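**Q** Questions regarding the structure given below will be posed in turn.
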Amino acid sequence: MVVAQSVSADPSDQTPFGTPMPHDRDSCPVCGMFPARYPDWIATVLYRDGHADHFDGAKDMFKYLLDMEKYASGRKQQDILRIGVTDYYATARIDARTALYVAGSDVLGPMGHDLIPHLDRFDADEFMKDHKGQRLLTFQEVTMELLLALDRGEIPSQ
């Protein structure tokens, strides 16, 4: 069961990036987990009508975005206002579209192997060195093939 979330008028419920925080009962539309239990991994898709879907990591957010027919029936990409992910080092919400993602590291998220978001190239490069990252990707480079490989603990080279 997916619990709908709408944007609160209370500024304390918003992140600096402008996406709402999930409430305790909001569940990830991809896996059913409760993102509020994993604050360092939260990703959010915010629609123009105020509806928000929350995820327990970037990997599930990308699965949702790449298969909206399955996970967001009736919703459209052009209705999305903001997409936020939690930056690994700052643990602050950043723009998912401009973030860089590291795949194949020794850091596991709530759903296992995940894409680890970073604000900039410097942080992403440092993370790759420190955590044995295998691949650096932009938002546009993430594919369903890659996400399914992560689920299997694999990292496709290209």
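Scheme for the structure tokens: letters A, B, ... for chains in order shown; per-chain residue numbers from 1; ligand numbers from 1 in order shown.
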Find the residues near A:Thr91: any atom within 8 Å, counting only C-alpha atoms, skip ones fewer than 5 places away on the same chain, and give them as a PyMOL selection string.
**A** chain A and resi 40-41+86
**Q** Enumerate as JSON, numbers by chain all residues of stretch 36-104 of chain A assigned to helix (DSSP H, G or I) by DSSP on the backbone, naming them with the chain letters and numbers the document uses.
**A** {"A": [36, 37, 58, 59, 60, 61, 62, 63, 64, 65, 66, 68, 69, 70, 71, 77, 78, 79]}
**Q** Deliver the residues from the most recent selection as a file, using N, CA, C and O atoms, as a CSV table (one decimal), in the first residue's frame.
**A**
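What landed in part.csv:
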chain,number,residue,atom,x,y,z
A,36,ALA,N,11.4,7.2,5.9
A,36,ALA,CA,11.7,8.0,7.0
A,36,ALA,C,12.7,7.3,8.0
A,36,ALA,O,13.4,7.9,8.8
A,37,ARG,N,12.7,5.9,7.9
A,37,ARG,CA,13.6,5.2,8.8
A,37,ARG,C,15.1,5.2,8.3
A,37,ARG,O,15.9,4.7,9.0
A,58,ALA,N,18.5,6.0,-4.0
A,58,ALA,CA,18.5,6.5,-5.4
A,58,ALA,C,18.1,5.4,-6.3
A,58,ALA,O,17.4,5.6,-7.3
A,59,LYS,N,18.5,4.2,-6.0
A,59,LYS,CA,18.2,3.0,-6.9
A,59,LYS,C,16.7,2.9,-7.1
A,59,LYS,O,16.3,2.8,-8.3
A,60,ASP,N,16.0,2.9,-6.0
A,60,ASP,CA,14.5,2.7,-6.2
A,60,ASP,C,13.9,3.9,-6.8
A,60,ASP,O,12.9,3.8,-7.6
A,61,MET,N,14.4,5.1,-6.6
A,61,MET,CA,13.9,6.3,-7.2
A,61,MET,C,14.1,6.2,-8.8
A,61,MET,O,13.2,6.5,-9.5
A,62,PHE,N,15.2,5.7,-9.2
A,62,PHE,CA,15.5,5.6,-10.6
A,62,PHE,C,14.6,4.5,-11.2
A,62,PHE,O,14.1,4.6,-12.4
A,63,LYS,N,14.4,3.4,-10.5
A,63,LYS,CA,13.5,2.4,-11.0
A,63,LYS,C,12.1,3.0,-11.3
A,63,LYS,O,11.4,2.7,-12.3
A,64,TYR,N,11.6,3.8,-10.3
A,64,TYR,CA,10.3,4.5,-10.4
A,64,TYR,C,10.3,5.4,-11.6
A,64,TYR,O,9.4,5.3,-12.4
A,65,LEU,N,11.3,6.2,-11.8
A,65,LEU,CA,11.4,7.2,-12.9
A,65,LEU,C,11.5,6.5,-14.3
A,65,LEU,O,11.0,7.0,-15.3
A,66,LEU,N,12.2,5.3,-14.3
A,66,LEU,CA,12.4,4.6,-15.6
A,66,LEU,C,11.2,3.7,-15.9
A,66,LEU,O,11.1,3.2,-17.0
A,68,MET,N,7.6,4.5,-14.9
A,68,MET,CA,6.5,5.2,-14.2
A,68,MET,C,5.1,4.5,-14.5
A,68,MET,O,4.2,4.6,-13.6
A,69,GLU,N,5.0,3.9,-15.6
A,69,GLU,CA,3.7,3.2,-15.9
A,69,GLU,C,3.5,2.1,-14.8
A,69,GLU,O,2.3,1.9,-14.4
A,70,LYS,N,4.5,1.5,-14.3
A,70,LYS,CA,4.4,0.4,-13.3
A,70,LYS,C,4.2,1.0,-11.9
A,70,LYS,O,3.4,0.6,-11.1
A,71,TYR,N,5.1,2.0,-11.5
A,71,TYR,CA,5.2,2.5,-10.2
A,71,TYR,C,4.4,3.8,-9.9
A,71,TYR,O,4.2,4.1,-8.7
A,77,GLN,N,6.2,12.3,-16.4
A,77,GLN,CA,7.5,13.0,-16.2
A,77,GLN,C,7.3,14.5,-16.2
A,77,GLN,O,7.9,15.2,-15.4
A,78,GLN,N,6.6,15.1,-17.1
A,78,GLN,CA,6.4,16.5,-17.3
A,78,GLN,C,5.7,17.2,-16.1
A,78,GLN,O,5.8,18.4,-15.9
A,79,ASP,N,5.1,16.4,-15.2
A,79,ASP,CA,4.4,16.9,-14.1
A,79,ASP,C,5.3,17.0,-12.8
A,79,ASP,O,4.9,17.4,-11.8
**Q** Identify, with DSSP run on backbone atoms, the residues in stretch 6-145 of chain A assigned to strand (DSSP E), and express the list as a PyMOL selection string.
**A** chain A and resi 6+43-47+51-55+80-86+93-95+100-103+108-109+112-113+116-118+135-138
**Q** Go through A:Gly84, A:Pro117, A:Gly18, A:Pro35 one by one, measure the shortest atom-to-atom distance of each to A:Leu100 using only C-alpha atoms, and give the residue with the smallest value.
**A** A:Pro117
**Q** Kindly indicate which residue among A:Ala72, A:Leu137, A:Ala92, A:Leu115 lies nearest to A:Leu150, using only C-alpha atoms for the distances.
**A**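 The closest residue to A:Leu150 is A:Leu115.
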**Q** Between A:Gly112, A:Pro22, A:Gly104, A:Gly32, which one has atoms that come closest to A:Met128, using only C-alpha atoms?
**A**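 Selected residue with least distance to A:Met128: A:Gly104.
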**Q** Quick one: residues within 7 Å of A:Ala103, only C-alpha atoms, excluding same-chain residues fewer than 6 positions away - as a PyMOL selection string?
**A** chain A and resi 114-116+133-136
